[in-house]
>>> print(open('my_file_25.tsv').read())   # TSV, C-alpha atoms
chain	number	residue	atom	x	y	z
A	1	MET	CA	-108.95	146.32	-35.70
A	2	THR	CA	-105.63	146.63	-37.43
A	3	ASP	CA	-102.57	144.46	-37.23
A	4	THR	CA	-100.34	147.28	-36.12
A	5	LEU	CA	-102.42	147.96	-33.06
A	6	GLN	CA	-102.26	144.48	-31.61
A	7	ASN	CA	-99.60	142.25	-30.29
A	8	PRO	CA	-99.97	138.45	-30.42
A	9	GLU	CA	-98.78	138.38	-26.81
A	10	GLU	CA	-102.03	140.09	-25.85
A	11	PHE	CA	-103.97	136.94	-26.74
A	12	PRO	CA	-104.43	134.35	-24.05
A	13	PRO	CA	-103.70	130.71	-25.02
A	14	LEU	CA	-105.76	129.83	-28.08
A	15	THR	CA	-108.53	127.25	-28.01
A	16	PRO	CA	-107.82	124.08	-30.01
A	17	ALA	CA	-110.43	125.15	-32.60
A	18	VAL	CA	-108.80	128.54	-33.23
A	19	PHE	CA	-105.30	127.06	-33.32
A	20	ASN	CA	-106.41	124.38	-35.80
A	21	ILE	CA	-108.13	126.95	-38.03
A	22	LEU	CA	-105.03	129.16	-38.04
A	23	LEU	CA	-102.92	126.10	-38.84
A	24	ALA	CA	-105.25	125.10	-41.67
A	25	LEU	CA	-104.94	128.56	-43.20
A	26	ALA	CA	-101.14	128.72	-42.81
A	27	ASP	CA	-100.48	127.48	-46.34
A	28	GLY	CA	-103.13	129.51	-48.12
A	29	GLU	CA	-106.71	130.72	-48.15
A	30	LYS	CA	-109.56	128.26	-47.76
A	31	HIS	CA	-113.35	128.23	-47.49
A	32	GLY	CA	-115.25	126.84	-44.50
A	33	TYR	CA	-115.56	123.25	-45.68
A	34	GLY	CA	-111.93	123.28	-46.84
A	35	ILE	CA	-110.89	124.29	-43.33
A	36	MET	CA	-112.96	121.46	-41.82
A	37	GLN	CA	-111.30	118.94	-44.11
A	38	GLU	CA	-107.83	120.28	-43.42
A	39	VAL	CA	-108.35	120.20	-39.64
A	40	GLU	CA	-109.59	116.61	-39.83
A	41	ALA	CA	-106.60	115.60	-41.95
A	42	ASN	CA	-104.07	117.46	-39.75
A	43	THR	CA	-105.35	115.73	-36.61
A	44	SER	CA	-105.74	112.29	-38.21
A	45	GLY	CA	-109.49	112.53	-37.72
A	46	GLN	CA	-109.23	113.16	-33.98
A	47	VAL	CA	-110.72	116.64	-34.23
A	48	LEU	CA	-114.04	116.74	-36.07
A	49	MET	CA	-115.08	120.36	-36.27
A	50	GLY	CA	-118.77	121.01	-36.90
A	51	PRO	CA	-120.13	124.04	-38.76
A	52	GLY	CA	-121.24	125.73	-35.51
A	53	THR	CA	-117.81	125.64	-33.89
A	54	LEU	CA	-116.13	126.52	-37.17
A	55	TYR	CA	-118.17	129.63	-37.96
A	56	GLY	CA	-118.37	130.71	-34.31
A	57	SER	CA	-114.56	130.66	-34.20
A	58	ILE	CA	-114.32	132.36	-37.60
A	59	LYS	CA	-116.58	135.16	-36.34
A	60	ARG	CA	-114.38	135.78	-33.30
A	61	MET	CA	-111.17	135.52	-35.32
A	62	LEU	CA	-112.45	138.07	-37.84
A	63	GLN	CA	-113.32	140.42	-34.97
A	64	ALA	CA	-109.87	139.94	-33.45
A	65	GLY	CA	-108.16	140.55	-36.80
A	66	LEU	CA	-106.51	137.11	-36.93
A	67	ILE	CA	-108.06	136.25	-40.29
A	68	GLU	CA	-109.79	138.18	-43.04
A	69	GLU	CA	-112.11	137.41	-45.87
A	70	SER	CA	-110.49	136.91	-49.20
A	71	ASP	CA	-112.01	137.73	-52.58
A	72	GLU	CA	-114.55	135.05	-53.31
A	73	ARG	CA	-113.52	132.64	-55.98
A	74	SER	CA	-114.58	129.26	-57.16
A	75	ASP	CA	-112.74	126.21	-55.96
A	76	PRO	CA	-112.00	124.12	-59.09
A	77	GLU	CA	-113.12	121.01	-57.19
A	78	MET	CA	-116.25	122.46	-55.66
A	79	ASP	CA	-117.13	124.88	-58.50
A	80	ASP	CA	-119.20	127.24	-56.37
A	81	GLN	CA	-118.90	131.02	-56.60
A	82	ARG	CA	-120.84	131.65	-53.38
A	83	ARG	CA	-118.18	130.27	-51.06
A	84	ARG	CA	-116.46	132.70	-48.75
A	85	TYR	CA	-112.71	132.30	-48.48
A	86	TYR	CA	-110.59	133.21	-45.48
A	87	LYS	CA	-106.88	133.93	-45.12
A	88	LEU	CA	-104.47	134.73	-42.31
A	89	THR	CA	-103.60	138.32	-41.51
A	90	ALA	CA	-100.07	139.26	-40.45
A	91	LEU	CA	-101.33	139.32	-36.86
A	92	GLY	CA	-102.86	135.86	-37.31
A	93	ARG	CA	-99.59	134.49	-38.65
A	94	ARG	CA	-97.60	135.95	-35.75
A	95	THR	CA	-100.15	134.62	-33.26
A	96	LEU	CA	-99.96	131.16	-34.83
A	97	ARG	CA	-96.17	131.18	-34.66
A	98	MET	CA	-96.19	132.25	-31.01
A	99	GLU	CA	-98.73	129.58	-30.08
A	100	ALA	CA	-96.78	126.90	-31.97
A	101	GLU	CA	-93.59	127.97	-30.17
A	102	ARG	CA	-95.42	127.86	-26.82
A	103	LEU	CA	-96.68	124.34	-27.53
A	104	ALA	CA	-93.25	123.25	-28.77
A	105	SER	CA	-91.60	124.48	-25.57
A	106	GLN	CA	-94.12	122.49	-23.52
A	107	VAL	CA	-93.41	119.38	-25.57
A	108	LYS	CA	-89.72	119.97	-24.91
A	109	ILE	CA	-90.39	120.08	-21.16
A	110	ALA	CA	-92.48	116.92	-21.44
A	111	ARG	CA	-89.57	115.20	-23.21
A	112	ALA	CA	-87.15	116.38	-20.53
A	113	LYS	CA	-89.42	114.89	-17.89
A	114	ASN	CA	-89.56	111.64	-19.80
A	115	VAL	CA	-93.33	111.89	-20.22
A	116	PHE	CA	-93.12	109.97	-23.50
A	117	GLY	CA	-91.32	107.06	-21.86
A	118	VAL	CA	-87.93	105.56	-22.60
A	119	THR	CA	-87.42	104.90	-26.31
B	28	MET	CA	-121.10	114.12	-59.59
B	29	ILE	CA	-124.42	112.39	-60.43
B	30	GLN	CA	-126.27	111.39	-57.30
B	31	LYS	CA	-128.67	108.53	-56.82
B	32	PRO	CA	-132.22	109.38	-55.68
B	33	ALA	CA	-131.66	107.74	-52.24
B	34	GLU	CA	-128.51	109.76	-51.72
B	35	GLN	CA	-130.23	112.91	-52.84
B	36	SER	CA	-133.24	112.45	-50.58
B	37	LEU	CA	-131.20	111.59	-47.48
B	38	VAL	CA	-128.83	114.51	-47.98
B	39	VAL	CA	-131.65	116.92	-48.82
B	40	PHE	CA	-133.60	115.77	-45.77
B	41	SER	CA	-130.56	116.15	-43.49
B	42	VAL	CA	-129.75	119.61	-44.83
B	43	GLY	CA	-133.41	120.62	-44.42
B	44	VAL	CA	-133.38	119.52	-40.77
B	45	TYR	CA	-130.07	121.29	-40.18
B	46	GLN	CA	-131.44	124.49	-41.70
B	47	MET	CA	-134.36	124.29	-39.28
B	48	LEU	CA	-131.94	123.85	-36.39
B	49	LEU	CA	-130.06	126.96	-37.49
B	50	THR	CA	-132.99	129.08	-36.28
B	51	ALA	CA	-131.79	128.39	-32.73
B	52	TYR	CA	-128.74	130.61	-33.29
B	53	PRO	CA	-128.92	134.38	-32.61
B	54	THR	CA	-130.44	136.21	-35.59
B	55	ARG	CA	-127.36	138.28	-36.39
B	56	PHE	CA	-125.08	135.22	-36.40
B	57	ARG	CA	-127.56	133.20	-38.48
B	58	ARG	CA	-127.90	135.96	-41.07
B	59	GLU	CA	-124.15	136.29	-41.39
B	60	TYR	CA	-123.12	132.63	-41.42
B	61	GLY	CA	-126.28	130.49	-41.69
B	62	SER	CA	-126.08	129.86	-45.43
B	63	HIS	CA	-122.37	129.02	-45.22
B	64	MET	CA	-122.96	126.65	-42.31
B	65	ALA	CA	-125.72	124.88	-44.25
B	66	GLN	CA	-123.45	124.62	-47.27
B	67	ALA	CA	-120.60	123.18	-45.19
B	68	PHE	CA	-123.00	120.70	-43.61
B	69	ARG	CA	-124.27	119.68	-47.04
B	70	ASP	CA	-120.69	119.00	-48.18
B	71	CYS	CA	-120.11	116.94	-45.03
B	72	CYS	CA	-123.33	114.98	-45.71
B	73	LEU	CA	-122.29	114.14	-49.26
B	74	ARG	CA	-118.88	112.97	-48.13
B	75	ALA	CA	-120.32	110.98	-45.22
B	76	PHE	CA	-122.84	109.28	-47.50
B	77	ASN	CA	-120.25	108.48	-50.16
B	78	SER	CA	-117.89	106.97	-47.61
B	79	GLY	CA	-120.30	105.27	-45.18
B	80	GLY	CA	-123.81	105.35	-46.62
B	81	ALA	CA	-126.71	105.91	-44.22
B	82	SER	CA	-124.59	104.95	-41.21
B	83	GLY	CA	-122.07	107.58	-42.26
B	84	ILE	CA	-124.84	110.19	-42.19
B	85	LEU	CA	-125.94	108.94	-38.76
B	86	LYS	CA	-122.40	109.30	-37.41
B	87	LEU	CA	-122.19	112.78	-38.89
B	88	TRP	CA	-125.44	113.74	-37.17
B	89	LEU	CA	-124.10	112.61	-33.78
B	90	VAL	CA	-121.05	114.84	-34.16
B	91	THR	CA	-123.11	117.69	-35.59
B	92	LEU	CA	-125.72	117.63	-32.82
B	93	LEU	CA	-123.04	117.87	-30.13
B	94	ASP	CA	-121.43	120.72	-32.04
B	95	PHE	CA	-124.82	122.37	-32.52
B	96	ILE	CA	-125.73	122.35	-28.81
B	97	GLN	CA	-122.31	123.60	-27.77
B	98	SER	CA	-122.15	126.40	-30.33
B	99	VAL	CA	-125.76	127.58	-29.82
B	100	VAL	CA	-125.12	127.97	-26.08
B	101	SER	CA	-121.82	129.72	-26.76
B	102	GLU	CA	-123.26	132.18	-29.30
B	103	HIS	CA	-126.22	133.07	-27.08
B	104	ARG	CA	-123.93	133.58	-24.09
B	105	GLN	CA	-121.74	135.96	-26.10
B	106	LYS	CA	-124.75	137.84	-27.40
B	107	GLU	CA	-126.07	138.24	-23.84
B	108	THR	CA	-122.75	139.60	-22.61
B	109	GLN	CA	-122.63	142.16	-25.41
B	110	MET	CA	-126.27	143.13	-24.98
B	111	ASN	CA	-126.04	143.43	-21.20
B	112	LYS	CA	-123.04	145.72	-21.41
B	113	ALA	CA	-124.58	147.93	-24.10
B	114	LYS	CA	-127.94	148.06	-22.32
B	115	THR	CA	-126.39	148.93	-18.97
B	116	LEU	CA	-124.41	151.78	-20.52
B	117	LYS	CA	-127.50	153.11	-22.27
B	118	LEU	CA	-129.55	152.95	-19.08
B	119	ILE	CA	-126.84	154.73	-17.09
B	120	GLY	CA	-126.43	157.40	-19.79
B	121	SER	CA	-130.18	158.00	-20.11
B	122	PHE	CA	-130.62	158.11	-16.33
B	123	LEU	CA	-127.81	160.66	-15.93
B	124	ILE	CA	-129.34	162.89	-18.62
B	125	ILE	CA	-132.86	162.78	-17.20
B	126	ALA	CA	-131.69	163.15	-13.59
B	127	GLY	CA	-129.36	165.99	-14.59
B	128	LEU	CA	-132.10	167.91	-16.40
B	129	ALA	CA	-134.45	167.38	-13.45
B	130	LEU	CA	-131.83	168.61	-11.00
B	131	PHE	CA	-131.06	171.61	-13.17
B	132	SER	CA	-134.76	172.51	-13.36
B	133	ALA	CA	-135.20	172.02	-9.61
B	134	THR	CA	-132.47	174.54	-8.85
B	135	PHE	CA	-134.85	177.33	-9.87
B	136	GLY	CA	-136.76	176.87	-6.63
B	137	SER	CA	-140.43	176.07	-6.11
B	138	HIS	CA	-141.66	179.60	-6.70
B	139	SER	CA	-139.82	180.33	-9.90
B	140	PHE	CA	-139.96	176.76	-11.29
B	141	TRP	CA	-143.25	177.29	-13.17
B	142	LYS	CA	-142.03	180.67	-14.26
B	143	PHE	CA	-138.95	178.96	-15.62
B	144	ILE	CA	-140.98	176.32	-17.45
B	145	GLY	CA	-143.34	178.92	-18.91
B	146	SER	CA	-140.56	181.13	-20.13
B	147	MET	CA	-138.26	178.33	-21.34
B	148	GLY	CA	-135.59	179.53	-18.94
B	149	LEU	CA	-135.56	183.08	-20.24
B	150	THR	CA	-136.31	184.74	-16.92
B	151	GLY	CA	-135.50	182.03	-14.42
B	152	GLU	CA	-133.14	182.63	-11.56
B	153	LEU	CA	-130.82	179.98	-10.27
B	154	MET	CA	-131.29	179.51	-6.53
B	155	HIS	CA	-128.65	176.82	-6.16
B	156	PRO	CA	-125.82	177.30	-8.67
B	157	ILE	CA	-123.77	174.36	-7.41
B	158	LEU	CA	-126.68	171.98	-7.88
B	159	ALA	CA	-127.26	173.51	-11.32
B	160	TRP	CA	-123.66	172.75	-12.26
B	161	LEU	CA	-124.02	169.26	-10.91
B	162	GLY	CA	-127.22	168.77	-12.94
B	163	LEU	CA	-125.64	169.99	-16.16
B	164	GLY	CA	-122.49	168.01	-15.44
B	165	SER	CA	-124.64	164.93	-15.04
B	166	VAL	CA	-126.27	165.60	-18.43
B	167	LEU	CA	-122.84	166.01	-19.98
B	168	VAL	CA	-121.52	162.78	-18.46
B	169	GLY	CA	-124.70	160.95	-19.56
B	170	LEU	CA	-124.30	162.22	-23.12
B	171	SER	CA	-120.67	161.16	-23.10
B	172	VAL	CA	-121.51	157.65	-21.84
B	173	LEU	CA	-124.08	157.19	-24.61
B	174	TYR	CA	-121.70	158.71	-27.12
B	175	LEU	CA	-118.75	156.50	-26.22
B	176	GLN	CA	-120.67	153.25	-26.46
B	177	LEU	CA	-121.59	154.03	-30.08
B	178	PRO	CA	-119.68	152.30	-32.87
B	179	SER	CA	-116.87	154.56	-34.06
B	180	ASN	CA	-118.47	155.15	-37.48
B	181	LYS	CA	-121.52	156.79	-35.86
B	182	ARG	CA	-119.71	159.08	-33.47
B	183	PHE	CA	-119.49	162.05	-35.80
B	184	GLU	CA	-123.18	162.34	-36.57
B	185	SER	CA	-124.33	165.94	-36.18
B	186	LYS	CA	-126.99	165.21	-33.55
B	187	TRP	CA	-124.31	164.06	-31.13
B	188	ILE	CA	-122.13	167.07	-31.69
B	189	PHE	CA	-125.28	169.21	-31.38
B	190	GLY	CA	-126.26	167.71	-28.01
B	191	ILE	CA	-122.83	167.59	-26.44
B	192	THR	CA	-121.75	171.05	-27.64
B	193	GLY	CA	-125.04	172.54	-26.45
B	194	CYS	CA	-124.61	171.00	-23.04
B	195	CYS	CA	-121.00	172.13	-22.76
B	196	ALA	CA	-122.03	175.68	-23.67
B	197	LEU	CA	-124.80	175.66	-21.07
B	198	VAL	CA	-122.45	174.41	-18.39
B	199	LEU	CA	-120.05	177.19	-19.32
B	200	ILE	CA	-122.74	179.88	-19.24
B	201	VAL	CA	-124.06	178.75	-15.86
B	202	PHE	CA	-120.52	178.59	-14.53
B	203	ILE	CA	-119.66	182.09	-15.75
B	204	PHE	CA	-122.83	183.67	-14.39
B	205	GLY	CA	-122.50	181.69	-11.19
B	206	PHE	CA	-118.98	183.05	-10.83
B	207	ILE	CA	-120.15	186.63	-11.39
B	208	ASN	CA	-123.08	186.41	-8.96
B	209	PRO	CA	-123.03	183.13	-7.06
B	210	THR	CA	-126.02	183.69	-4.78
B	211	MET	CA	-128.71	184.88	-7.16
B	212	MET	CA	-128.07	184.96	-10.83
B	213	ARG	CA	-129.93	185.45	-14.04
B	214	LEU	CA	-129.06	183.31	-16.96
B	215	GLY	CA	-128.06	186.24	-19.12
B	216	ASN	CA	-129.00	187.02	-22.71
B	217	PRO	CA	-132.41	185.39	-23.38
B	218	THR	CA	-131.63	184.54	-27.00
B	219	ILE	CA	-128.40	182.74	-26.10
B	220	VAL	CA	-130.03	180.96	-23.18
B	221	PHE	CA	-132.99	179.90	-25.30
B	222	SER	CA	-130.74	178.62	-28.10
B	223	VAL	CA	-128.36	176.75	-25.85
B	224	TYR	CA	-131.04	175.28	-23.62
B	225	SER	CA	-133.10	174.14	-26.62
B	226	ALA	CA	-130.00	172.67	-28.23
B	227	THR	CA	-129.25	170.69	-25.10
B	228	LEU	CA	-132.79	169.41	-24.72
B	229	LEU	CA	-133.15	168.48	-28.40
B	230	GLY	CA	-129.69	166.96	-28.49
B	231	SER	CA	-130.42	164.88	-25.41
B	232	LEU	CA	-133.70	163.67	-26.90
B	233	PHE	CA	-131.99	162.80	-30.19
B	234	VAL	CA	-129.25	160.98	-28.34
B	235	ILE	CA	-131.70	158.87	-26.31
B	236	VAL	CA	-133.81	158.00	-29.37
B	237	ILE	CA	-130.78	157.10	-31.51
B	238	SER	CA	-129.16	155.04	-28.76
B	239	LEU	CA	-132.38	153.08	-28.23
B	240	LYS	CA	-132.64	152.48	-31.97
B	241	ASN	CA	-129.08	151.17	-32.00
B	242	SER	CA	-129.68	148.86	-29.06
B	243	GLU	CA	-128.58	145.79	-31.03
B	244	THR	CA	-125.33	147.29	-32.25
B	245	PRO	CA	-122.53	145.03	-31.05
B	246	ASN	CA	-119.86	146.61	-28.92
B	247	GLN	CA	-116.44	146.27	-30.50
B	248	SER	CA	-114.49	146.77	-27.32
B	249	GLU	CA	-115.21	143.41	-25.77
B	250	PRO	CA	-113.19	142.17	-22.83
B	251	LYS	CA	-110.38	139.79	-23.65
B	252	GLN	CA	-111.44	136.19	-23.63
B	253	ARG	CA	-109.88	132.90	-24.61
B	254	MET	CA	-110.26	132.60	-28.35
>>> encode(input="my_file_25.tsv", output="structure tokens")
Amino acid sequence: MTDTLQNPEEFPPLTPAVFNILLALADGEKHGYGIMQEVEANTSGQVLMGPGTLYGSIKRMLQAGLIEESDERSDPEMDDQRRRYYKLTALGRRTLRMEAERLASQVKIARAKNVFGVT
Amino acid sequence: MIQKPAEQSLVVFSVGVYQMLLTAYPTRFRREYGSHMAQAFRDCCLRAFNSGGASGILKLWLVTLLDFIQSVVSEHRQKETQMNKAKTLKLIGSFLIIAGLALFSATFGSHSFWKFIGSMGLTGELMHPILAWLGLGSVLVGLSVLYLQLPSNKRFESKWIFGITGCCALVLIVFIFGFINPTMMRLGNPTIVFSVYSATLLGSLFVIVISLKNSETPNQSEPKQRM
């Protein structure tokens, strides 16, 4: 599945797991545990992603062409050559941007409707 | 990082149990990601133990078990969907081929049927050309169904081309001779008929065997679902 053949608009709204993984990979490639840590940090510990959800989502995202495997390398902190690294594809980056824009527009509506209360 | 024996044994025990749990996932998924999942869980165990001791590990297990149940169900459901679709297509394709060949054979009529079988179609006469076309058309559609559900990298294998081309040629020959003499026709040059008919039969057999062997090949063209 190539980037040129797919449009991010073809994807239905992303699940929180997929969105969080895309967001974790937005600033560079990471391995599985690195993604788990990043997701936990990004959500202030509210989303604890287990290995099953993580790798199930990774499998589907690889199939959809949202992410791709990067050349394996050792993380200086973890020092393990066997880790598999993942990075965003161009399609994944566009999909992430579209989903972020969709969420932002909903937050804007929520603000307009005073959902957050008077400040 | 140097670990204490208690830390080592608790983490090793937890990882061992988790690795046993991994057998609940579909084989293909486990082979692809099992070792990475175990490694990620081991990292989580070390961090949980360093930050919260044994209670940290317990908390991690609660989260992990929920995740485990949810993801095992999800992976098996996806596998079933893929398998059901692939199996249904293979059954339809195989049925169309067998039914088509049977129909084609039956169009030789009861008297000449055994003559047809004995002579491999060299002297047979088609009693019902339209049914013969339908039979061969059915074989062709069946071959195409089996062919199209193959992964794209296997579509150009010679056995497929052999089967489908043979069937197309046979359909063409029957059509031409049916057009020339629609009520009672001979199949024409025995050598050509023998070659084409054998090619179709062998190709069909190859196709069925190969498609059954590839029964676990995942279908890439899955329906859109929420990611």
>>> closest_residue(input="my_file_25.tsv", among="A:Leu88, A:Asp71, A:Glu29, A:Pro16", to="A:Gln46", atoms="all atoms listed in the file")
A:Pro16
>>> interface_residues(input="my_file_25.tsv", of="chain B", to="chain A", cutoff="9 Å", atoms="all atoms listed in the file", output="ChimeraX atom specification")
/B:56,60-61,63-68,70-71,90-99,101-102,247,251-254
>>> residues_around(input="my_file_25.tsv", residues="stretch 68-70 of chain A", least_positions_apart="6", cutoff="7 Å", atoms="all atoms listed in the file", output="list of chain:residue names")
A:Leu62, A:Tyr85, A:Tyr86, A:Lys87, A:Leu88, A:Thr89
>>> residues_near_point(input="my_file_25.tsv", point="(-102.2, 127.8, -37.5)", cutoff="12 Å", atoms="all atoms listed in the file", output="VMD selection string")
chain A and resid 14 to 29 35 38 to 39 42 66 to 67 87 to 89 91 to 101 103
>>> residues_around(input="my_file_25.tsv", residues="B:Leu123", least_positions_apart="6", cutoff="9 Å", atoms="only C-alpha atoms", output="ChimeraX atom specification")
/B:162,165-170
>>> atom_distance(input="my_file_25.tsv", atom1="atom CA of B:Leu89", atom2="atom CA of B:Tyr45")
12.3 Å
